[in-house]
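Presented below is the structure to which this report refers.
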Amino acid sequence: MASRWMMSAFVMTLLMMALPEARAQSPAPAHLLGTWRQAGDGQETACRVELEGVSRAGLFAARAARCHGPLATVRGWAPDRNGFVLFDGAGRPVVSLTPARGLMAGRLADGSLLVMRRSDLGKNGATKSLR
């Protein structure tokens with residue numbers, strides 16, 4: 001009887017070790033939320049990415065509008081060090097952006113530089129939605 005109990009305890013321990021750790025996701029950093037616009041050649045382009053504070057499948061939701069290439073696939077984001085990482089619909093990283101001279105900069109998989117800046121703030125300090 002004792003060996004049966006020991007075997008059950010051992011199996012339960014193995015099962016608990018195999019399960020992913022359940023963690024409550026921290027709230028999204030408020031200073032990153034809102035609309036970011038792709039910057040290029042000293043100008044802003046039409047490509048906008050909105051970072052939302054709603055969590056979906058372990059990532060915060062993101063929406064891209066008027067973007068091309070890899071940025072058109074952005075569906076999620078996560079804070080990373082001082083910046084953030086954008087993810088496609090399959091949860092694969094598209095680009096990791098870090099602060100650089102008041103902007104966010106990173107390199108896409110093809111090596112091209114991506115620079116993003118905060119979109120214009122409204123009168124109350126809130127960013128305009130992509131909706």
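By convention in this document, the chains of the structure tokens carry letters A, B, ... by their order, each chain's residues are numbered from 1, and ligands are numbered from 1 in the order they are shown.
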
With only C-alpha atoms as the counted atoms, please give the residues lying no more than 9 Å from Ala64 of chain A, apart from itself and same-chain residues fewer than 3 positions off, as number ranges by chain. A: 47-50, 67, 71-75, 130

Which residues are close to Pro93 of chain A, i.e. within 12 Å by only C-alpha atoms, leaving aside same-chain residues fewer than 3 positions away? Reply as a PDB file with N, CA and C atoms, in the first residue's frame.
```
ATOM      1  N   LEU A  59       0.058  37.496 -25.073  1.00  0.00           N
ATOM      2  CA  LEU A  59       0.627  38.749 -25.579  1.00  0.00           C
ATOM      3  C   LEU A  59      -0.419  39.842 -25.452  1.00  0.00           C
ATOM      4  N   PRO A  70       6.542  42.749 -43.291  1.00  0.00           N
ATOM      5  CA  PRO A  70       6.355  42.095 -41.998  1.00  0.00           C
ATOM      6  C   PRO A  70       5.470  42.879 -41.029  1.00  0.00           C
ATOM      7  N   LEU A  71       5.497  44.209 -41.104  1.00  0.00           N
ATOM      8  CA  LEU A  71       4.676  45.002 -40.171  1.00  0.00           C
ATOM      9  C   LEU A  71       3.182  44.798 -40.405  1.00  0.00           C
ATOM     10  N   THR A  73       1.731  42.102 -40.669  1.00  0.00           N
ATOM     11  CA  THR A  73       1.314  40.877 -39.975  1.00  0.00           C
ATOM     12  C   THR A  73       1.227  41.049 -38.460  1.00  0.00           C
ATOM     13  N   VAL A  74       1.551  42.223 -37.941  1.00  0.00           N
ATOM     14  CA  VAL A  74       1.595  42.440 -36.487  1.00  0.00           C
ATOM     15  C   VAL A  74       0.210  42.268 -35.869  1.00  0.00           C
ATOM     16  N   ARG A  75       0.140  41.406 -34.831  1.00  0.00           N
ATOM     17  CA  ARG A  75      -1.107  41.160 -34.105  1.00  0.00           C
ATOM     18  C   ARG A  75      -0.931  41.204 -32.590  1.00  0.00           C
ATOM     19  N   GLY A  76       0.325  41.270 -32.125  1.00  0.00           N
ATOM     20  CA  GLY A  76       0.564  41.281 -30.687  1.00  0.00           C
ATOM     21  C   GLY A  76       1.871  41.980 -30.354  1.00  0.00           C
ATOM     22  N   TRP A  77       2.051  42.237 -29.056  1.00  0.00           N
ATOM     23  CA  TRP A  77       3.275  42.884 -28.594  1.00  0.00           C
ATOM     24  C   TRP A  77       3.530  42.508 -27.148  1.00  0.00           C
ATOM     25  N   ALA A  78       4.774  42.710 -26.712  1.00  0.00           N
ATOM     26  CA  ALA A  78       5.155  42.477 -25.318  1.00  0.00           C
ATOM     27  C   ALA A  78       6.255  43.467 -24.955  1.00  0.00           C
ATOM     28  N   ASP A  80       9.708  44.714 -23.495  1.00  0.00           N
ATOM     29  CA  ASP A  80      11.010  44.049 -23.471  1.00  0.00           C
ATOM     30  C   ASP A  80      12.063  45.074 -23.068  1.00  0.00           C
ATOM     31  N   PHE A  84       9.884  47.353 -26.736  1.00  0.00           N
ATOM     32  CA  PHE A  84       8.864  46.327 -26.922  1.00  0.00           C
ATOM     33  C   PHE A  84       9.164  45.489 -28.154  1.00  0.00           C
ATOM     34  N   VAL A  85       8.547  44.299 -28.192  1.00  0.00           N
ATOM     35  CA  VAL A  85       8.677  43.382 -29.321  1.00  0.00           C
ATOM     36  C   VAL A  85       7.317  43.272 -29.982  1.00  0.00           C
ATOM     37  N   LEU A  86       7.284  43.348 -31.314  1.00  0.00           N
ATOM     38  CA  LEU A  86       6.058  43.149 -32.078  1.00  0.00           C
ATOM     39  C   LEU A  86       6.038  41.714 -32.589  1.00  0.00           C
ATOM     40  N   PHE A  87       4.852  41.072 -32.532  1.00  0.00           N
ATOM     41  CA  PHE A  87       4.692  39.678 -32.938  1.00  0.00           C
ATOM     42  C   PHE A  87       3.656  39.561 -34.043  1.00  0.00           C
ATOM     43  N   ASP A  88       3.822  38.549 -34.915  1.00  0.00           N
ATOM     44  CA  ASP A  88       2.826  38.302 -35.956  1.00  0.00           C
ATOM     45  C   ASP A  88       1.679  37.463 -35.384  1.00  0.00           C
ATOM     46  N   GLY A  89       0.702  37.130 -36.219  1.00  0.00           N
ATOM     47  CA  GLY A  89      -0.470  36.387 -35.776  1.00  0.00           C
ATOM     48  C   GLY A  89      -0.171  34.997 -35.254  1.00  0.00           C
ATOM     49  N   ALA A  90       0.971  34.421 -35.638  1.00  0.00           N
ATOM     50  CA  ALA A  90       1.367  33.094 -35.168  1.00  0.00           C
ATOM     51  C   ALA A  90       2.222  33.172 -33.900  1.00  0.00           C
ATOM     52  N   SER A  96      12.180  43.713 -32.591  1.00  0.00           N
ATOM     53  CA  SER A  96      12.368  44.181 -31.221  1.00  0.00           C
ATOM     54  C   SER A  96      12.828  45.629 -31.306  1.00  0.00           C
ATOM     55  N   LEU A  97      12.083  46.520 -30.673  1.00  0.00           N
ATOM     56  CA  LEU A  97      12.374  47.957 -30.739  1.00  0.00           C
ATOM     57  C   LEU A  97      12.884  48.457 -29.393  1.00  0.00           C
ATOM     58  N   GLY A 106      14.769  49.359 -34.393  1.00  0.00           N
ATOM     59  CA  GLY A 106      15.136  47.948 -34.410  1.00  0.00           C
ATOM     60  C   GLY A 106      15.349  47.493 -35.838  1.00  0.00           C
ATOM     61  N   ARG A 107      15.779  46.262 -36.002  1.00  0.00           N
ATOM     62  CA  ARG A 107      16.022  45.705 -37.336  1.00  0.00           C
ATOM     63  C   ARG A 107      15.061  44.551 -37.596  1.00  0.00           C
ATOM     64  N   LEU A 108      14.481  44.563 -38.798  1.00  0.00           N
ATOM     65  CA  LEU A 108      13.620  43.472 -39.238  1.00  0.00           C
ATOM     66  C   LEU A 108      14.498  42.279 -39.615  1.00  0.00           C
ATOM     67  N   ALA A 109      13.873  41.122 -39.852  1.00  0.00           N
ATOM     68  CA  ALA A 109      14.615  39.903 -40.176  1.00  0.00           C
ATOM     69  C   ALA A 109      15.510  40.071 -41.400  1.00  0.00           C
TER      70      ALA A 109
END
```

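Counting only C-alpha atoms, the residue from A:Val54, A:His68, A:Leu32, A:Ala61 that sits nearest to Pro99 of chain A is A:Leu32.
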
I need the residue nearest Gly91 of chain A from this list: A:Pro29, A:Gly58, A:Gly34, A:Gly69. Use only C-alpha atoms for the distance.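 Answer, going by the shortest atom-to-atom distance: A:Gly58.
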